[in-house]
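Colleague: Handing you a structure now.
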Amino acid sequence: MRIAVYILLLLTNLSLSAQTFTGKVNGKKGELLVGASVVASTESKSTVAYCLTSDNGEYKLTIPKGKNPASITVSYIGYQKKTIPFADLKDGMTITLAEGGFKLKEVKIKAERIKSTGDTLTYSVAGFRQGQDRSIADVIAKMPGLEVKADGKVEYQGKPINKFYIEGLDLMGSQYGVANQNISADKIKSVQVLENHQSVKSLRGVSFSEQAALNLVLKDDAKAVWTGAADIGLGYGDDFLYDCRLMGMRFNKKYQTLMMYKNNNIGKQLDNEVLDLAALLKGRTCSESGFLSMMSVSAPDLADNRYTFNNSHLVAGNWLWKTGKDSELRVQGNGFIDKTDMQDYSSSTYLTLADMPVIVEEQNVSNTRSEWKGEANYQYNGSKSFIKNNLKGYIDFNKSVGTMMYNGQRTDMMVKPHKRSITEDFQMSHTTAKGNIYNVDSYWTYSYLPGQLLTIGGMTERLNLGFFSTQNEMQYKLKVGRHYLNNELGVNYDYQSIGVAMDEEAEKTNVYQLLRTYWTPSMSFLFGKHRIGIKSKISYARQSYRESRSNHL
């Protein structure tokens, strides 16, 4: 019985993971068909995954996690289309097409919807755009293999992209939601997917990536000129309504900029456009959050704009300068101001008691957010050396106030979950003429969260948290023939402090510290397309909290 349950769980887990099928497509005479399309579709003919055969007639079809296609269709000009059930598709399978003639009733010249060149897939925007599509994100969402999440994040074959380029330049960094959701689709000629994209030139062919990058190719009339948009929406219901946007941008080979101001009070959420969407790099910690948060009330199972009463403003500026052939400087800044009012009313009647008591609860909450972020990034990306220095800062002045009525008894509520943070990220790598690689990574971040909370007794409690974290690593790879000898040395340190006080009392502070050092020697051996790795790790950790100490090796 246990074995059967284990097998069932294993099969369920496999069905939820991405599946990759490889094989060949040829004709009945054995000829290889280059550029044949292989499409996985659902019963309703919706495309799940898509690929073209390579110069060797080979296909590599990846079914995204959670998708369940019903059939596989293979087609090639001059051959009969072939459709097989997805259940019959096996890894390594060769699909044979029969020759077939056809008559052309009329000829219309259209651009290819999808073109494959090496590791680059080029999607024609005109081939996928529909009349209701406005932003480039609307079109990307219709392209096979690509998906745009609710927060604006783009995924390819079920994995987040690692870069979002505009004409080959990384103007937006990790906050590409502003460009993705606001650049008009009629400005874009094509969208390129750069598969297995390694953004560091000196590590290409040495350190591999499983993530893809996206590159927007502009139309000629959108290059090296100022373009913009002004949208003004006004209305009146119970109150005056507005939904406005003002945007300006310019893209060329030496300089790029995108600036925007948005506001609305019709329930549209704006803060998701300036989220950090790119995946965190190795060794990087997530943004710290404290014990306090903004107040909320129970929400109905409806879209946010159906029940949200807001007053939101978003301003964002992005600038990039090419300072040399292989170097660039990027500066970004944005601010978000929002006031949202929420109400919740509930009445409970207990019928099991003789006097049938009624309990009435009512909450009125007003959340005010004022959040500001800035970033400066310098990067040198040469054929042998790579240097990047990224400095980020964040500050907010968020506040949440409200009242709660419980059977007519009023209780005032207030919380201020403030946060200030600064982060420095430095990376450097060098590849020698012999193929040896040297890497240095240094990352540190400090966050201060000075929070205040109004208690039931009418007293204000201060809860101040401080976080400091740094991760530092030096790595070198020595190439011996086709093999590598590797060494990694690292030092990480975390510091956390919690200070608590009531009103004017002196603050009581508790401190936690963790020091970690490690050495990781390893070897990797290459045999054709196969790689064998041998790795070990020696680490030491020292922890302390109040008077307690512990050491681990």
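We name chains A, B, ... following the order of the structure tokens; residues begin at 1 in each chain, and ligands are numbered from 1 as shown.
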Would you mind listing what lies within 9 Å of Arg330 in chain A as a list in words, with only C-alpha atoms counted and same-chain residues fewer than 6 positions away left out?

Modeller: Asp170, Leu171, Met172, Gly173, Asn318, Trp319, Leu320, Trp321, Lys322, Glu375, Ala376, Asn377, Tyr378 and Gln379 of chain A

Colleague: Which of these residues is nearest to Asp326 in chain A, using only C-alpha atoms: A:Ile161, A:Ile387, A:Ala49, A:Leu489?

Modeller: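 Smallest separation from Asp326 in chain A among the options: A:Ile387.
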
Colleague: Compile a residue-level contact table for range 35-58 of chain A against range 133-157 of chain A at a cut-off of 8 Å, reporting for every qualifying residue the shortest atom pair and its distance in Å to one decimal, with only C-alpha atoms counted, rows ordered by chain and ascending number, as a Markdown table.

Modeller:
```
| residue | atom | partner | partner_atom | distance |
| --- | --- | --- | --- | --- |
| A:Thr47 | CA | A:Pro144 | CA | 6.2 |
| A:Val48 | CA | A:Pro144 | CA | 6.5 |
| A:Ala49 | CA | A:Gly145 | CA | 5.2 |
| A:Tyr50 | CA | A:Pro144 | CA | 5.9 |
```

Colleague: Generate a file of the selected residues that holds N, CA and C atoms, formatted as a PDB file, in the first residue's frame.

Modeller:
```pdb
ATOM      1  N   THR A  47      -2.569  27.041 -28.305  1.00  0.00           N
ATOM      2  CA  THR A  47      -1.167  26.631 -28.343  1.00  0.00           C
ATOM      3  C   THR A  47      -0.561  26.621 -26.946  1.00  0.00           C
ATOM      4  N   VAL A  48       0.086  25.516 -26.597  1.00  0.00           N
ATOM      5  CA  VAL A  48       0.749  25.361 -25.300  1.00  0.00           C
ATOM      6  C   VAL A  48       2.252  25.567 -25.428  1.00  0.00           C
ATOM      7  N   ALA A  49       2.869  24.991 -26.466  1.00  0.00           N
ATOM      8  CA  ALA A  49       4.311  25.118 -26.679  1.00  0.00           C
ATOM      9  C   ALA A  49       4.593  25.030 -28.175  1.00  0.00           C
ATOM     10  N   TYR A  50       5.757  25.558 -28.573  1.00  0.00           N
ATOM     11  CA  TYR A  50       6.060  25.670 -30.001  1.00  0.00           C
ATOM     12  C   TYR A  50       7.571  25.623 -30.187  1.00  0.00           C
TER      13      TYR A  50
END
```

Colleague: Would you kindly return, as a PyMOL selection string, each protein, DNA or RNA residue with an atom no farther than 12 Å from any atom of range 540-551 of chain A, considering only C-alpha atoms and excluding same-chain residues fewer than 3 positions away?

Modeller: chain A and resi 489-498+508-520+537

Colleague: What does the file look like for those residues with C-alpha atoms, as a compact mmCIF listing (two decimals), in the first residue's frame?

Modeller:
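Below is the file that was written, again.txt:
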```
# COMPACT_ATOMS: atom_id res chain seq x y z
CA LEU A 489 35.93 30.93 -0.69
CA GLY A 490 33.12 32.79 1.05
CA VAL A 491 32.39 34.89 4.11
CA ASN A 492 28.78 35.77 5.04
CA TYR A 493 27.58 37.79 8.01
CA ASP A 494 24.07 38.60 9.30
CA TYR A 495 23.14 41.02 12.08
CA GLN A 496 19.62 41.55 13.41
CA SER A 497 18.47 43.83 16.22
CA ILE A 498 15.02 44.24 17.78
CA LYS A 508 15.30 47.46 25.13
CA THR A 509 17.36 45.89 22.36
CA ASN A 510 18.13 42.24 21.57
CA VAL A 511 20.81 41.33 19.01
CA TYR A 512 21.31 38.19 16.92
CA GLN A 513 24.47 37.58 14.86
CA LEU A 514 25.56 34.82 12.47
CA LEU A 515 29.00 34.48 10.87
CA ARG A 516 29.52 31.84 8.16
CA THR A 517 32.69 30.99 6.26
CA TYR A 518 33.14 28.21 3.75
CA TRP A 519 35.55 26.64 1.26
CA THR A 520 34.25 24.61 -1.66
CA LYS A 537 32.27 21.79 1.12
```

Colleague: Tell me, as a VMD selection string, which residues lie within 8 Å of Asn407 in chain A, counting only C-alpha atoms; anything in the same chain fewer than 5 positions away does not count.

Modeller: chain A and resid 359 to 361

Colleague: Between CA of Phe468 in chain A and CA of Ser289 in chain A, measure the distance and give it in Å to one decimal.

Modeller: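 If I compute the distance from CA of Phe468 in chain A to CA of Ser289 in chain A, I get 12.6 Å.
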
Colleague: List as a compact mmCIF listing (two decimals) with all heavy atoms, in the first residue's frame the protein and nucleic acid residues near range 57-64 of chain A, meaning an atom at most 6 Å away when only C-alpha atoms are counted, but skip any in the same chain fewer than 5 places from it.

Modeller:
```
# COMPACT_ATOMS: atom_id res chain seq x y z
N ALA A 18 7.84 20.70 -15.68
CA ALA A 18 8.00 20.92 -17.12
C ALA A 18 8.57 19.67 -17.77
O ALA A 18 9.41 18.99 -17.20
CB ALA A 18 8.91 22.11 -17.35
N GLN A 19 8.09 19.35 -18.97
CA GLN A 19 8.55 18.18 -19.72
C GLN A 19 9.21 18.64 -21.00
O GLN A 19 8.72 19.55 -21.67
CB GLN A 19 7.37 17.26 -20.05
CG GLN A 19 6.67 16.66 -18.83
CD GLN A 19 5.45 15.87 -19.24
OE1 GLN A 19 4.37 16.42 -19.45
NE2 GLN A 19 5.60 14.57 -19.36
N THR A 20 10.33 18.00 -21.35
CA THR A 20 11.05 18.33 -22.58
C THR A 20 11.15 17.08 -23.44
O THR A 20 11.58 16.02 -22.96
CB THR A 20 12.45 18.88 -22.27
OG1 THR A 20 12.32 20.06 -21.48
CG2 THR A 20 13.19 19.21 -23.56
N PHE A 21 10.76 17.21 -24.69
CA PHE A 21 10.82 16.11 -25.64
C PHE A 21 11.75 16.50 -26.79
O PHE A 21 11.66 17.61 -27.31
CB PHE A 21 9.43 15.79 -26.20
CG PHE A 21 8.46 15.31 -25.17
CD1 PHE A 21 7.67 16.21 -24.48
CD2 PHE A 21 8.34 13.96 -24.88
CE1 PHE A 21 6.76 15.79 -23.53
CE2 PHE A 21 7.43 13.51 -23.93
CZ PHE A 21 6.64 14.43 -23.24
N THR A 22 12.65 15.61 -27.17
CA THR A 22 13.55 15.83 -28.29
C THR A 22 13.38 14.72 -29.31
O THR A 22 12.86 13.64 -28.99
CB THR A 22 15.01 15.88 -27.82
OG1 THR A 22 15.34 14.63 -27.19
CG2 THR A 22 15.25 17.02 -26.84
N GLY A 23 13.80 15.00 -30.52
CA GLY A 23 13.70 14.01 -31.57
C GLY A 23 13.99 14.64 -32.92
O GLY A 23 14.57 15.72 -33.00
N LYS A 24 13.58 13.97 -34.01
CA LYS A 24 13.83 14.47 -35.35
C LYS A 24 12.56 14.45 -36.18
O LYS A 24 11.63 13.68 -35.91
CB LYS A 24 14.91 13.63 -36.04
CG LYS A 24 16.31 13.81 -35.47
CD LYS A 24 17.34 13.08 -36.32
CE LYS A 24 18.75 13.34 -35.80
NZ LYS A 24 19.78 12.68 -36.63
N VAL A 25 12.55 15.30 -37.21
CA VAL A 25 11.47 15.32 -38.19
C VAL A 25 12.10 15.11 -39.56
O VAL A 25 13.04 15.84 -39.93
CB VAL A 25 10.69 16.66 -38.16
CG1 VAL A 25 9.63 16.66 -39.25
CG2 VAL A 25 10.05 16.87 -36.81
N LEU A 32 16.14 15.19 -43.95
CA LEU A 32 15.89 15.99 -42.75
C LEU A 32 15.12 17.25 -43.14
O LEU A 32 15.43 17.90 -44.14
CB LEU A 32 17.21 16.37 -42.07
CG LEU A 32 18.07 15.20 -41.58
CD1 LEU A 32 19.38 15.71 -40.99
CD2 LEU A 32 17.31 14.39 -40.53
N LEU A 33 14.13 17.62 -42.36
CA LEU A 33 13.31 18.78 -42.62
C LEU A 33 13.71 19.89 -41.65
O LEU A 33 13.45 19.81 -40.45
CB LEU A 33 11.82 18.44 -42.47
CG LEU A 33 11.32 17.28 -43.36
CD1 LEU A 33 9.83 17.09 -43.18
CD2 LEU A 33 11.67 17.53 -44.82
N VAL A 34 14.37 20.90 -42.19
CA VAL A 34 14.88 22.01 -41.39
C VAL A 34 13.84 23.12 -41.33
O VAL A 34 13.34 23.56 -42.37
CB VAL A 34 16.20 22.56 -41.97
CG1 VAL A 34 16.70 23.74 -41.14
CG2 VAL A 34 17.24 21.45 -42.04
N ALA A 49 2.87 24.99 -26.47
CA ALA A 49 4.31 25.12 -26.68
C ALA A 49 4.59 25.03 -28.17
O ALA A 49 3.78 24.49 -28.94
CB ALA A 49 5.08 24.04 -25.92
N CYS A 51 8.03 24.98 -31.25
CA CYS A 51 9.45 25.02 -31.60
C CYS A 51 9.62 24.73 -33.09
O CYS A 51 8.69 24.24 -33.75
CB CYS A 51 10.26 24.02 -30.76
SG CYS A 51 10.03 22.30 -31.21
N GLN A 157 8.71 29.36 -21.30
CA GLN A 157 8.70 27.92 -21.01
C GLN A 157 8.64 27.66 -19.51
O GLN A 157 9.29 26.77 -18.97
CB GLN A 157 9.94 27.23 -21.62
CG GLN A 157 10.08 27.40 -23.11
CD GLN A 157 9.04 26.62 -23.91
OE1 GLN A 157 8.02 26.21 -23.39
NE2 GLN A 157 9.31 26.42 -25.19
N GLY A 158 7.85 28.48 -18.80
CA GLY A 158 7.63 28.27 -17.37
C GLY A 158 8.70 28.84 -16.46
O GLY A 158 8.59 28.70 -15.23
```

Colleague: Taking the DSSP secondary structure from the backbone, can you list the residues of range 322-391 of chain A that are strand (DSSP E), as a short mmCIF file (atom, residue, chain, number, x, y, z; two decimals) with N, CA, C and O atoms, in the first residue's frame?

Modeller:
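Once everything was written out, this is selection-v3.cif:
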```cif
data_model
loop_
_atom_site.label_atom_id
_atom_site.label_comp_id
_atom_site.auth_asym_id
_atom_site.auth_seq_id
_atom_site.Cartn_x
_atom_site.Cartn_y
_atom_site.Cartn_z
N LYS A 322 25.36 54.95 -22.84
CA LYS A 322 26.50 54.12 -23.24
C LYS A 322 27.76 54.96 -23.05
O LYS A 322 28.00 55.93 -23.79
N SER A 327 30.66 49.57 -21.99
CA SER A 327 30.27 50.06 -20.67
C SER A 327 29.01 50.92 -20.77
O SER A 327 28.74 51.53 -21.81
N GLU A 328 28.26 50.98 -19.66
CA GLU A 328 27.04 51.76 -19.62
C GLU A 328 26.72 52.17 -18.19
O GLU A 328 27.14 51.52 -17.22
N LEU A 329 25.97 53.24 -18.07
CA LEU A 329 25.52 53.75 -16.78
C LEU A 329 24.00 53.88 -16.83
O LEU A 329 23.45 54.49 -17.75
N ARG A 330 23.32 53.30 -15.83
CA ARG A 330 21.86 53.35 -15.76
C ARG A 330 21.44 53.99 -14.44
O ARG A 330 21.97 53.65 -13.37
N VAL A 331 20.50 54.92 -14.51
CA VAL A 331 19.95 55.58 -13.33
C VAL A 331 18.44 55.46 -13.37
O VAL A 331 17.82 55.70 -14.41
N GLN A 332 17.85 55.06 -12.23
CA GLN A 332 16.40 54.89 -12.15
C GLN A 332 15.89 55.51 -10.86
O GLN A 332 16.57 55.52 -9.84
N GLY A 333 14.66 56.01 -10.90
CA GLY A 333 14.01 56.51 -9.71
C GLY A 333 12.51 56.47 -9.89
O GLY A 333 12.00 56.68 -10.99
N ASN A 334 11.78 56.14 -8.82
CA ASN A 334 10.33 56.14 -8.91
C ASN A 334 9.72 56.40 -7.55
O ASN A 334 10.33 56.14 -6.51
N GLY A 335 8.52 56.93 -7.56
CA GLY A 335 7.77 57.20 -6.35
C GLY A 335 6.33 56.79 -6.51
O GLY A 335 5.74 56.93 -7.60
N PHE A 336 5.74 56.28 -5.43
CA PHE A 336 4.36 55.83 -5.45
C PHE A 336 3.64 56.41 -4.24
O PHE A 336 4.07 56.23 -3.10
N ILE A 337 2.55 57.15 -4.49
CA ILE A 337 1.74 57.73 -3.43
C ILE A 337 0.31 57.24 -3.60
O ILE A 337 -0.26 57.31 -4.70
N ASP A 338 -0.26 56.72 -2.52
CA ASP A 338 -1.59 56.12 -2.63
C ASP A 338 -2.34 56.29 -1.32
O ASP A 338 -1.77 56.12 -0.23
N LYS A 339 -3.62 56.61 -1.43
CA LYS A 339 -4.51 56.64 -0.26
C LYS A 339 -5.71 55.77 -0.60
O LYS A 339 -6.41 56.00 -1.59
N THR A 340 -5.93 54.75 0.23
CA THR A 340 -7.01 53.79 -0.02
C THR A 340 -7.88 53.69 1.23
O THR A 340 -7.36 53.51 2.34
N ASP A 341 -9.19 53.81 1.06
CA ASP A 341 -10.15 53.68 2.15
C ASP A 341 -10.85 52.34 2.04
O ASP A 341 -11.26 51.92 0.94
N MET A 342 -11.00 51.67 3.20
CA MET A 342 -11.63 50.35 3.22
C MET A 342 -12.66 50.31 4.35
O MET A 342 -12.44 50.89 5.42
N GLN A 343 -13.75 49.59 4.11
CA GLN A 343 -14.79 49.42 5.12
C GLN A 343 -15.21 47.96 5.15
O GLN A 343 -15.22 47.27 4.13
N ASP A 344 -15.55 47.49 6.37
CA ASP A 344 -16.00 46.11 6.52
C ASP A 344 -17.08 46.09 7.60
O ASP A 344 -16.91 46.69 8.68
N TYR A 345 -18.18 45.43 7.30
CA TYR A 345 -19.28 45.34 8.26
C TYR A 345 -19.73 43.88 8.34
O TYR A 345 -19.90 43.21 7.32
N SER A 346 -19.89 43.39 9.56
CA SER A 346 -20.37 42.02 9.74
C SER A 346 -21.31 41.96 10.93
O SER A 346 -21.13 42.68 11.92
N SER A 347 -22.33 41.11 10.84
CA SER A 347 -23.30 40.91 11.91
C SER A 347 -23.49 39.42 12.11
O SER A 347 -23.76 38.68 11.15
N SER A 348 -23.34 38.97 13.36
CA SER A 348 -23.48 37.55 13.68
C SER A 348 -24.58 37.38 14.73
O SER A 348 -24.56 38.06 15.77
N THR A 349 -25.52 36.50 14.47
CA THR A 349 -26.61 36.21 15.40
C THR A 349 -26.48 34.77 15.86
O THR A 349 -26.45 33.84 15.04
N VAL A 358 -26.91 39.38 19.27
CA VAL A 358 -26.38 39.80 17.97
C VAL A 358 -25.06 40.52 18.21
O VAL A 358 -24.98 41.43 19.04
N ILE A 359 -24.03 40.07 17.51
CA ILE A 359 -22.71 40.70 17.61
C ILE A 359 -22.45 41.43 16.30
O ILE A 359 -22.46 40.83 15.22
N VAL A 360 -22.21 42.73 16.40
CA VAL A 360 -22.00 43.55 15.22
C VAL A 360 -20.57 44.10 15.26
O VAL A 360 -20.15 44.70 16.26
N GLU A 361 -19.81 43.88 14.18
CA GLU A 361 -18.45 44.41 14.05
C GLU A 361 -18.38 45.29 12.80
O GLU A 361 -18.90 44.93 11.75
N GLU A 362 -17.72 46.42 12.95
CA GLU A 362 -17.55 47.33 11.82
C GLU A 362 -16.15 47.93 11.86
O GLU A 362 -15.70 48.37 12.92
N GLN A 363 -15.46 47.92 10.71
CA GLN A 363 -14.12 48.47 10.62
C GLN A 363 -14.07 49.53 9.53
O GLN A 363 -14.66 49.36 8.46
N ASN A 364 -13.39 50.62 9.82
CA ASN A 364 -13.10 51.65 8.83
C ASN A 364 -11.61 51.90 8.84
O ASN A 364 -11.04 52.27 9.88
N VAL A 365 -10.95 51.68 7.70
CA VAL A 365 -9.49 51.75 7.62
C VAL A 365 -9.11 52.69 6.48
O VAL A 365 -9.71 52.65 5.39
N SER A 366 -8.09 53.51 6.73
CA SER A 366 -7.54 54.38 5.69
C SER A 366 -6.03 54.16 5.64
O SER A 366 -5.32 54.42 6.62
N ASN A 367 -5.56 53.65 4.52
CA ASN A 367 -4.13 53.38 4.33
C ASN A 367 -3.51 54.45 3.43
O ASN A 367 -4.01 54.73 2.34
N THR A 368 -2.41 55.03 3.90
CA THR A 368 -1.68 56.02 3.12
C THR A 368 -0.27 55.49 2.88
O THR A 368 0.46 55.19 3.83
N ARG A 369 0.11 55.38 1.61
CA ARG A 369 1.44 54.88 1.25
C ARG A 369 2.21 55.97 0.50
O ARG A 369 1.68 56.61 -0.40
N SER A 370 3.46 56.11 0.88
CA SER A 370 4.37 57.02 0.18
C SER A 370 5.72 56.30 0.11
O SER A 370 6.45 56.23 1.10
N GLU A 371 6.04 55.74 -1.06
CA GLU A 371 7.21 54.87 -1.23
C GLU A 371 8.09 55.39 -2.35
O GLU A 371 7.60 55.68 -3.45
N TRP A 372 9.42 55.47 -2.09
CA TRP A 372 10.35 56.06 -3.04
C TRP A 372 11.57 55.16 -3.18
O TRP A 372 12.14 54.69 -2.19
N LYS A 373 11.97 54.91 -4.43
CA LYS A 373 13.12 54.04 -4.72
C LYS A 373 14.06 54.71 -5.71
O LYS A 373 13.62 55.44 -6.59
N GLY A 374 15.35 54.44 -5.56
CA GLY A 374 16.34 54.94 -6.50
C GLY A 374 17.42 53.89 -6.74
O GLY A 374 17.71 53.06 -5.88
N GLU A 375 18.02 53.92 -7.94
CA GLU A 375 19.04 52.93 -8.29
C GLU A 375 20.03 53.54 -9.27
O GLU A 375 19.66 54.27 -10.19
N ALA A 376 21.31 53.26 -9.03
CA ALA A 376 22.38 53.65 -9.96
C ALA A 376 23.21 52.41 -10.26
O ALA A 376 23.65 51.72 -9.34
N ASN A 377 23.39 52.12 -11.54
CA ASN A 377 24.08 50.89 -11.95
C ASN A 377 25.13 51.21 -13.01
O ASN A 377 24.83 51.78 -14.06
N TYR A 378 26.39 50.82 -12.73
CA TYR A 378 27.46 50.94 -13.73
C TYR A 378 27.91 49.53 -14.11
O TYR A 378 28.07 48.65 -13.25
N GLN A 379 28.13 49.33 -15.42
CA GLN A 379 28.51 47.99 -15.88
C GLN A 379 29.51 48.08 -17.02
O GLN A 379 29.35 48.88 -17.94
N TYR A 380 30.56 47.26 -16.90
CA TYR A 380 31.50 47.04 -18.01
C TYR A 380 31.42 45.57 -18.37
O TYR A 380 31.64 44.69 -17.54
N ASN A 381 31.09 45.30 -19.63
CA ASN A 381 30.86 43.93 -20.08
C ASN A 381 31.72 43.65 -21.30
O ASN A 381 31.24 43.67 -22.45
N SER A 385 36.55 40.60 -19.49
CA SER A 385 36.32 41.08 -18.12
C SER A 385 34.91 41.63 -17.97
O SER A 385 34.31 42.14 -18.92
N PHE A 386 34.39 41.50 -16.74
CA PHE A 386 33.06 41.99 -16.41
C PHE A 386 33.12 42.67 -15.06
O PHE A 386 33.64 42.12 -14.09
N ILE A 387 32.58 43.90 -14.99
CA ILE A 387 32.50 44.64 -13.72
C ILE A 387 31.10 45.25 -13.63
O ILE A 387 30.62 45.87 -14.58
N LYS A 388 30.45 45.07 -12.48
CA LYS A 388 29.14 45.69 -12.26
C LYS A 388 29.07 46.20 -10.84
O LYS A 388 29.46 45.50 -9.90
N ASN A 389 28.58 47.43 -10.69
CA ASN A 389 28.35 47.99 -9.37
C ASN A 389 26.95 48.59 -9.34
O ASN A 389 26.62 49.46 -10.15
N ASN A 390 26.13 48.08 -8.42
CA ASN A 390 24.74 48.49 -8.36
C ASN A 390 24.44 49.01 -6.95
O ASN A 390 24.68 48.34 -5.96
N LEU A 391 23.90 50.23 -6.87
CA LEU A 391 23.55 50.87 -5.60
C LEU A 391 22.05 51.18 -5.61
O LEU A 391 21.55 51.85 -6.51
#
```

Colleague: If you run DSSP on this backbone, which residues of range 23-241 of chain A come out as alpha helix (DSSP H), and could you give them as number ranges by chain?

Modeller: A: 125-128, 136-140, 177-182

Colleague: Output N, CA and C atoms of each residue in that selection to a file, as a PDB file, in the first residue's frame.

Modeller:
```pdb
ATOM      1  N   VAL A 125       5.457  40.946 -34.166  1.00  0.00           N
ATOM      2  CA  VAL A 125       4.354  41.549 -33.426  1.00  0.00           C
ATOM      3  C   VAL A 125       3.109  41.636 -34.301  1.00  0.00           C
ATOM      4  N   ALA A 126       3.282  41.977 -35.570  1.00  0.00           N
ATOM      5  CA  ALA A 126       2.136  42.077 -36.473  1.00  0.00           C
ATOM      6  C   ALA A 126       1.417  40.744 -36.620  1.00  0.00           C
ATOM      7  N   GLY A 127       2.158  39.636 -36.486  1.00  0.00           N
ATOM      8  CA  GLY A 127       1.553  38.322 -36.640  1.00  0.00           C
ATOM      9  C   GLY A 127       0.721  37.885 -35.452  1.00  0.00           C
ATOM     10  N   PHE A 128       0.885  38.534 -34.291  1.00  0.00           N
ATOM     11  CA  PHE A 128       0.161  38.119 -33.092  1.00  0.00           C
ATOM     12  C   PHE A 128      -0.753  39.207 -32.537  1.00  0.00           C
ATOM     13  N   ILE A 136       2.708  46.344 -25.296  1.00  0.00           N
ATOM     14  CA  ILE A 136       3.438  45.193 -25.835  1.00  0.00           C
ATOM     15  C   ILE A 136       3.207  43.961 -24.971  1.00  0.00           C
ATOM     16  N   ALA A 137       2.876  44.153 -23.679  1.00  0.00           N
ATOM     17  CA  ALA A 137       2.577  43.004 -22.811  1.00  0.00           C
ATOM     18  C   ALA A 137       1.347  42.255 -23.296  1.00  0.00           C
ATOM     19  N   ASP A 138       0.354  42.967 -23.839  1.00  0.00           N
ATOM     20  CA  ASP A 138      -0.849  42.319 -24.369  1.00  0.00           C
ATOM     21  C   ASP A 138      -0.501  41.364 -25.506  1.00  0.00           C
ATOM     22  N   VAL A 139       0.484  41.742 -26.332  1.00  0.00           N
ATOM     23  CA  VAL A 139       0.878  40.909 -27.469  1.00  0.00           C
ATOM     24  C   VAL A 139       1.767  39.759 -27.012  1.00  0.00           C
ATOM     25  N   ILE A 140       2.710  40.043 -26.117  1.00  0.00           N
ATOM     26  CA  ILE A 140       3.615  38.993 -25.623  1.00  0.00           C
ATOM     27  C   ILE A 140       2.815  37.853 -25.011  1.00  0.00           C
ATOM     28  N   GLY A 177       8.498  46.185 -15.672  1.00  0.00           N
ATOM     29  CA  GLY A 177       7.047  46.266 -15.785  1.00  0.00           C
ATOM     30  C   GLY A 177       6.577  47.583 -16.371  1.00  0.00           C
ATOM     31  N   VAL A 178       7.297  48.682 -16.095  1.00  0.00           N
ATOM     32  CA  VAL A 178       6.919  49.991 -16.642  1.00  0.00           C
ATOM     33  C   VAL A 178       6.950  49.960 -18.158  1.00  0.00           C
ATOM     34  N   ALA A 179       8.021  49.405 -18.741  1.00  0.00           N
ATOM     35  CA  ALA A 179       8.130  49.324 -20.199  1.00  0.00           C
ATOM     36  C   ALA A 179       7.159  48.312 -20.775  1.00  0.00           C
ATOM     37  N   ASN A 180       7.076  47.159 -20.149  1.00  0.00           N
ATOM     38  CA  ASN A 180       6.252  46.080 -20.669  1.00  0.00           C
ATOM     39  C   ASN A 180       4.777  46.464 -20.734  1.00  0.00           C
ATOM     40  N   GLN A 181       4.306  47.201 -19.729  1.00  0.00           N
ATOM     41  CA  GLN A 181       2.887  47.502 -19.649  1.00  0.00           C
ATOM     42  C   GLN A 181       2.515  48.866 -20.233  1.00  0.00           C
ATOM     43  N   ASN A 182       3.509  49.646 -20.703  1.00  0.00           N
ATOM     44  CA  ASN A 182       3.194  50.993 -21.176  1.00  0.00           C
ATOM     45  C   ASN A 182       3.700  51.311 -22.576  1.00  0.00           C
TER      46      ASN A 182
END
```

Colleague: Need to verify the contact set: range 228-230 of chain A, 12 Å, only C-alpha atoms, exclusion of same-chain residues closer than 3 positions in sequence. Can you return it as a VMD selection string?

Modeller: chain A and resid 135 182 to 184 187 222 225 233 243 to 251 257 to 263

Colleague: From the options A:Gly131, A:Leu270, A:Tyr123, A:Leu234, which residue's atoms come nearest to Leu194 in chain A, counting only C-alpha atoms?

Modeller: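 Among the listed residues, the smallest separation from Leu194 in chain A belongs to A:Tyr123.
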
Colleague: Quick one: everything within 12 Å of Leu526 in chain A, counting only C-alpha atoms, minus sequence neighbours fewer than 4 positions away in the same chain. Send it as a ChimeraX atom specification.

Modeller: /A:206,479-485,530-534

Colleague: Save the residues we just selected, C-alpha atoms, as a compact mmCIF listing (two decimals), in the first residue's frame?

Modeller:
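Generated file (again_36.txt):
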```txt
# COMPACT_ATOMS: atom_id res chain seq x y z
CA VAL A 206 31.87 28.56 -19.82
CA LYS A 479 41.21 25.04 -16.97
CA VAL A 480 43.24 21.88 -17.57
CA GLY A 481 42.53 20.69 -21.09
CA ARG A 482 38.78 20.36 -21.21
CA HIS A 483 38.50 19.98 -17.46
CA TYR A 484 38.19 22.52 -14.64
CA LEU A 485 39.56 22.71 -11.10
CA HIS A 530 28.54 14.95 -20.78
CA ARG A 531 29.92 16.60 -17.65
CA ILE A 532 30.85 14.92 -14.37
CA GLY A 533 31.35 17.01 -11.25
CA ILE A 534 32.99 16.17 -7.91
```
